[in-house]
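Have a look at the structure below before the remarks.
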Amino acid sequence: MTFLSVPILTFLIFFPVVASLLILPFYRRPDSDGIVKWAALGITVVEFVVSLSLLVGHDPHLYQMQFTENHVWIPFANIHYALGIDGISLVLILMTTLLMPMTVLTSWVGISKQIPLFMINLLVLEGAMIGVFCATDFVLFYVFWEAMLIPMYLIIGVWGGPNRIYAAIKFFLYTLAGSLLLLVTIIALYFVGGHTFDITRLSGQHYGMTFQILAFAAMFAAFAVKIPMFPFHTWLPDAHVEAPTAGSVILASIMLKMGAYGFLRFSLPMFPDASHFFTPFMLALSVIAIVWGAFMALAQEDMKKLIAYSSVSHMGVVTLGIFVFNTQGIEGALMQMLNHGITTGALFLCIGVLYDRSHSRLLSEYGGIAKQMPVYSTLLVIFALSSLALPGTNSFVGEFLVLIGSFRNHAVVSSLATTGVILSAMYLLYMLSRVVWGVYTPKSYAMPDLKPYEWGALLPLVVLVIVIGLIPNPVLSVFHQSVAHLVSQVQPSPVALLH
Amino acid sequence: MNFSPVNIMGTMPEIYLTVLGSLLLLMEPFIPREKRSWLGLFAIASLFFAMIATIGLNGKGLPLYQGLYIVDPFSNFFKIAIYVGTIITILFSLPYLEKEEIHVGEYYGFLLFAAVGMMIMVSAGDLITLFLGIELMSLCLYVLVGLKRTIHRSVEASFKYFLLGAFASAIFLYGISLLYGASGTETISGLAAFVQNPGALKPMVIGGMILTMVGFAFKVSAAPFHMWTPDVYEGAPTVVTGFMASVGKIAAFGVFLRVFWVAFSANKDHWTWLIITIAILSMLIGNIVALVQKNIKRMLAYSSIGHAGYAVIGLLNPSRESLFALMFYLFVYLFMTLGAFGIVLILRRKGVEGEEIQDFVGLNKKNPMAAFLMLIFMFSLAGIPPFGGFLAKFYIFMAAVHAGFTWLAVVGVLLSAVGAYYYIRVVMAMYMKDPEETVEFLPNRMEKIALFLTAAMTVIMGVFPLPFVHYIETSLAILVP
């Protein structure tokens, strides 16, 4: 499939990057911010519309990679420019392209300095993120995976809050340190797996148990930092709090998913035996993340921090679903990834709306905004209810599937994880009761309701929350075959069971 | 010694540069002061001339002068890198020397002679020829380092470099004499044949090998023979620092590689652990000490020690992977280092060079292009894709894993994560803080060309290195099957 005679995936990756050059002529003109914003919005919307054609062209009955492209990139060591997507990558790409226009909209007044540079960063970042989900060559994947760090580092560090430099460096070094071990694993896989970096050919081979364990552990470092799993999560609250709203949305909705995507795409199919070996460890970390994240969220005064910790908790559900190795669990995890992207992204956008008006994110400074901003409050309540997985909203589907999937094999773990659902109701309702209802505070006074660009950012997400919540089947059917194939790949080899 | 036409033809590039360099010295008194830049352009033209001659010689693996001198695709690769690096250096020098008021005509002559010395090094088929090359390069560099005669720091650097360099040369020469005493030959191929005898590995040979290794480690500024690097890099005029750090280093690596892979490949086990020790120490010292530097030239000096550590890993195992990794690494390193020093030397605070990292604060507001180029060089040096530095490190780690030293690759990646901090600190200063002082960045046309060239190569080597990969693959075919 091609678009403007460019293969569609290549187009999706490089269109935002190349189009961002259009912004360059306005770089030093102070009066051109409006044009730059509209250009960025236009580019991201076009990108989203083009990406929808993937949905049309994708055959959900196949688990194989589709829309494939393959060219030799660097002949030495057989590195290819190889792209392709299956159902799993497809939903994540669509989520990315959908959220990018929202991030531009939320920066409409939220970003006040160096707007052209900001928009260029956003667009380059979008290209790199789509590249991560498309790459089927391991080195190419790694290039996109690391290249994302540069624009994100700048977004946090240049446009962030008062403590932004600390947060940006912490983010950068944490992710880099994790990723570099992934690099060694990739190189080792090349020599063990038959001199190739092709992800499909590297999967489904049965490597020796020692190698599997070492490689899994090294990859775990990269993905666990990104997700972030329990002991590696400390960069997240800092990065979230300091990042501008757009940065928080991208971090929470898209970048955190890449860790889980890494587990699904690499760790499970390449090292099935090691995955089973590490299951107790992974399940324990997931449950700790769910409960610990929720308790931490309960104690937060800063709304962004609250949502950041809730992300840790919700991503725990995702890893729990992945490591039960059955169809419900993994489909639930994918649903949860998608829904967390939509809902948490929306919650960060909502906090951004408040922050743009009163420059505070503290719960104690707000109260009774339902009176001033009825429409906004309604949306906030919907998103919060979705985040606590109320039946009828999108998150319910994912969490429910994960809990069912895990209950079959690990009833205790599943029960412990269920407490996370209760705790999330506690912290979210507590937040709502203080912000939306509660006592009227001076800060909450005279805040205008949603502006058109905020409508534009939030409305599509509300629709998705409800539509996916009521009819999730179309979404599930997109990745059903891919997940079924994955589950078949991750069954432990009979040899390993003997050990 | 036989001066047959074949021998003369094979060494034509070196002859051209020597003659043209001497001519340059003769012309210098007759050129008026304000027209000094003509000399620079003349030097650039000479280098182009020599480059064409070298390209014409490509593809012929010729041992000339009874094996004293080797012209093969491997040495030609390094020579072309030396030409390119020297041309970029001259482009940076023209305006820099004017601003620093050290624009003497001899500068270009010495630069060309240093380049000839490096060319002799990478072509040497004999340890004495090699020593002559090293000395020619070093003597020119001693003078260039002390070019700012009135500045205390520059003279001190020159003197320090001279003393320590003389020591290193003496040690190296002593190593050669031991090797000669044991084997009766000083050609590299003769040594290789000698070392292959099982009974040959007497303590004298091992001692000689270790002493030559010390000499090379000094020249590539690898730990623990790196002590001179920070002081000399800081004291030397920045353009000379860039030249030494990039071009001088890759020439030294070229000869390091040839001697150890050809002459000592039979007793690899004896030096593998020495190389590993040098690699780990260099990566450790380079990356960790750089963290606390405030002066960007010192920081880049430690960074170059760290990079020497990574490059040394490429020497571990005489295989195609290692050779490719090392050559690719050096080629990328040439451009990113020259570019980074180029930015440093153009940046000026209150009329003097902006050498402190503090001077980079808020550069993005003042000159977004300069900040962006520095960002490219910094992230590339840190090894972050999509820049060339990433692929360079990637191939080095690949060579390490291929040689069976996966743990060394792990050590290397972890230290490069540590090292990333000081590079992104510069980016942080440029982008995330507001400008405080009157720093100006006004490149002229020459500097712009040089900056554009280095930045473009740094990006191309990371994004589309295909033509260069082909070229390196053909260049290395002669040394490993």
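Naming works like this for the structure tokens: A, B, ... for the chains as they're shown, residue 1 at the start of each chain, ligands 1 onward in shown order.
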(message) Residues of chain B within 9 Å of chain A, counting only C-alpha atoms - could you list those as a PyMOL selection string?
(response) chain B and resi 321+324+365+368+379+384-387+390+394-395+397-398+401-402+406+409-410+413-414+416-418+420-421+424-425+427-428+431-433+463-466+469-470+473
For the residues in that selection, give me C-alpha atoms as a tab-separated table (two decimals), in the first residue's frame.
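Okay, again-v3.tsv is ready:
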chain	number	residue	atom	x	y	z
B	321	GLU	CA	34.13	-7.18	12.16
B	324	PHE	CA	35.40	-2.52	10.00
B	365	LYS	CA	18.47	31.96	21.90
B	368	PRO	CA	19.86	28.51	17.01
B	379	PHE	CA	24.58	13.55	20.89
B	384	ILE	CA	22.73	8.48	20.51
B	385	PRO	CA	21.04	7.61	17.21
B	386	PRO	CA	20.33	8.72	14.54
B	387	PHE	CA	23.83	10.21	14.43
B	390	PHE	CA	25.76	5.61	17.48
B	394	PHE	CA	27.31	-0.15	17.73
B	395	TYR	CA	29.93	-1.73	15.49
B	397	PHE	CA	30.29	-3.39	20.65
B	398	MET	CA	29.48	-5.84	17.91
B	401	VAL	CA	30.74	-9.54	21.25
B	402	HIS	CA	32.06	-11.25	18.14
B	406	THR	CA	30.34	-9.68	25.74
B	409	ALA	CA	30.60	-4.61	25.67
B	410	VAL	CA	28.42	-4.42	28.78
B	413	VAL	CA	27.68	0.55	27.30
B	414	LEU	CA	27.33	1.23	31.00
B	416	SER	CA	28.77	5.34	27.86
B	417	ALA	CA	25.57	5.91	29.83
B	418	VAL	CA	27.69	7.65	32.45
B	420	ALA	CA	26.16	10.73	28.18
B	421	TYR	CA	25.69	12.99	31.17
B	424	ILE	CA	23.84	16.40	27.49
B	425	ARG	CA	25.01	18.90	30.07
B	427	VAL	CA	22.94	20.63	25.41
B	428	MET	CA	21.21	21.58	28.63
B	431	TYR	CA	18.81	25.04	25.32
B	432	MET	CA	17.48	25.16	28.84
B	433	LYS	CA	19.05	28.22	30.35
B	463	VAL	CA	21.42	7.79	8.58
B	464	PHE	CA	22.74	6.75	5.20
B	465	PRO	CA	26.27	5.41	5.54
B	466	LEU	CA	25.95	3.05	2.56
B	469	VAL	CA	30.43	1.37	4.27
B	470	HIS	CA	31.21	0.09	0.79
B	473	GLU	CA	34.74	-2.70	3.11
(message) I'd like the contact shell of Ile422 in chain A - 12 Å cut-off, only C-alpha atoms, skipping same-chain residues fewer than 4 positions apart - returned as number ranges by chain.
(response) A: 290-291, 294-295, 298, 313, 387-390, 415-418, 426-429
(message) Just want the 8 Å neighbourhood of range 299-308 of chain B, counted on only C-alpha atoms, with same-chain residues fewer than 2 positions away dropped. Output as an MDAnalysis selection string.
(response) chainID B and resid 220:223 226 229:230 233:234 245 279 282:287 289:291 293:297 310:312
(request) Mind checking which residues fall within 10 Å of Ile250 in chain B, counting only C-alpha atoms, ignoring those fewer than 2 positions away in the same chain, and posting them as a ChimeraX atom specification? (result) /B:78-79,81-82,85,118,122,219-220,244-248,252-256,308,311,326-327,329-331,333-334
Quick one: write out the picked residues with C-alpha atoms as a PDB file, in the first residue's frame?
ATOM      1  CA  PHE B  78      43.607   6.603   6.374  1.00  0.00           C
ATOM      2  CA  LYS B  79      45.375   9.030   4.068  1.00  0.00           C
ATOM      3  CA  ALA B  81      40.769  10.714   6.130  1.00  0.00           C
ATOM      4  CA  ILE B  82      43.941  12.667   6.958  1.00  0.00           C
ATOM      5  CA  GLY B  85      40.608  16.280   8.344  1.00  0.00           C
ATOM      6  CA  MET B 118      50.855  10.831   9.629  1.00  0.00           C
ATOM      7  CA  VAL B 122      49.942   4.674   8.244  1.00  0.00           C
ATOM      8  CA  LYS B 219      49.905   8.742  20.808  1.00  0.00           C
ATOM      9  CA  VAL B 220      46.228   7.758  20.861  1.00  0.00           C
ATOM     10  CA  MET B 244      45.533  16.609  17.171  1.00  0.00           C
ATOM     11  CA  ALA B 245      42.436  15.097  18.677  1.00  0.00           C
ATOM     12  CA  SER B 246      40.967  13.970  15.393  1.00  0.00           C
ATOM     13  CA  VAL B 247      43.498  13.589  12.603  1.00  0.00           C
ATOM     14  CA  GLY B 248      46.518  12.806  14.766  1.00  0.00           C
ATOM     15  CA  ALA B 252      48.103   6.722  15.357  1.00  0.00           C
ATOM     16  CA  PHE B 253      45.299   4.176  15.437  1.00  0.00           C
ATOM     17  CA  GLY B 254      46.009   3.178  11.852  1.00  0.00           C
ATOM     18  CA  VAL B 255      49.587   2.268  12.639  1.00  0.00           C
ATOM     19  CA  PHE B 256      48.743   0.740  16.017  1.00  0.00           C
ATOM     20  CA  ALA B 308      40.204   5.995  22.527  1.00  0.00           C
ATOM     21  CA  ALA B 311      38.243   2.388  19.624  1.00  0.00           C
ATOM     22  CA  LEU B 326      37.542   0.471  14.089  1.00  0.00           C
ATOM     23  CA  MET B 327      37.740   2.156  10.693  1.00  0.00           C
ATOM     24  CA  TYR B 329      34.592   4.513  14.340  1.00  0.00           C
ATOM     25  CA  LEU B 330      37.642   6.560  13.452  1.00  0.00           C
ATOM     26  CA  PHE B 331      36.004   7.988  10.363  1.00  0.00           C
ATOM     27  CA  TYR B 333      35.066  10.323  15.200  1.00  0.00           C
ATOM     28  CA  LEU B 334      37.103  12.528  12.852  1.00  0.00           C
TER      29      LEU B 334
END
(request) Fewer than 2 positions away in the same chain doesn't count, so skip those; otherwise give me all residues within 12 Å of Gly293 in chain A, counting only C-alpha atoms, as an MDAnalysis selection string. (result) chainID A and resid 228:231 233:234 236:237 285:291 295:300 305:317 417 419:421 423:424 427
(request) Tell me, as an MDAnalysis selection string, which residues lie within 7 Å of range 45-59 of chain A, counting only C-alpha atoms; anything in the same chain fewer than 2 positions away does not count. (result) chainID A and resid 12 41:43 61:62 94 97:98 101
Would you put the residues from that selection into a file with C-alpha atoms, as a PDB file, in the first residue's frame?
ATOM      1  CA  LEU A  12       3.836   7.879   8.220  1.00  0.00           C
ATOM      2  CA  LEU A  41      -2.067  21.001  13.699  1.00  0.00           C
ATOM      3  CA  GLY A  42      -2.565  20.492   9.980  1.00  0.00           C
ATOM      4  CA  ILE A  43       0.397  18.134   9.714  1.00  0.00           C
ATOM      5  CA  HIS A  61      -7.412 -12.477   9.811  1.00  0.00           C
ATOM      6  CA  LEU A  62      -3.663 -12.616   9.394  1.00  0.00           C
ATOM      7  CA  LEU A  94      -3.477   4.798  15.514  1.00  0.00           C
ATOM      8  CA  THR A  97      -1.525   9.601  15.453  1.00  0.00           C
ATOM      9  CA  LEU A  98      -4.821  10.323  17.204  1.00  0.00           C
ATOM     10  CA  PRO A 101      -3.213  16.641  17.236  1.00  0.00           C
TER      11      PRO A 101
END
(request) Have a look at A:Ser406, A:Thr378, A:Thr441, A:Gln491 and name the one nearest to Met270 in chain A; count only C-alpha atoms. (result)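 Among the listed residues, A:Gln491 lies closest to Met270 in chain A.
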(message) as a ChimeraX atom specification, please: every residue in range 208-395 of chain A that a backbone DSSP assignment puts in helix (DSSP H, G or I).
(response) /A:209-226,230-232,235-242,245-270,272-298,303-322,327-358,363-365,369-372,374-387,394-395
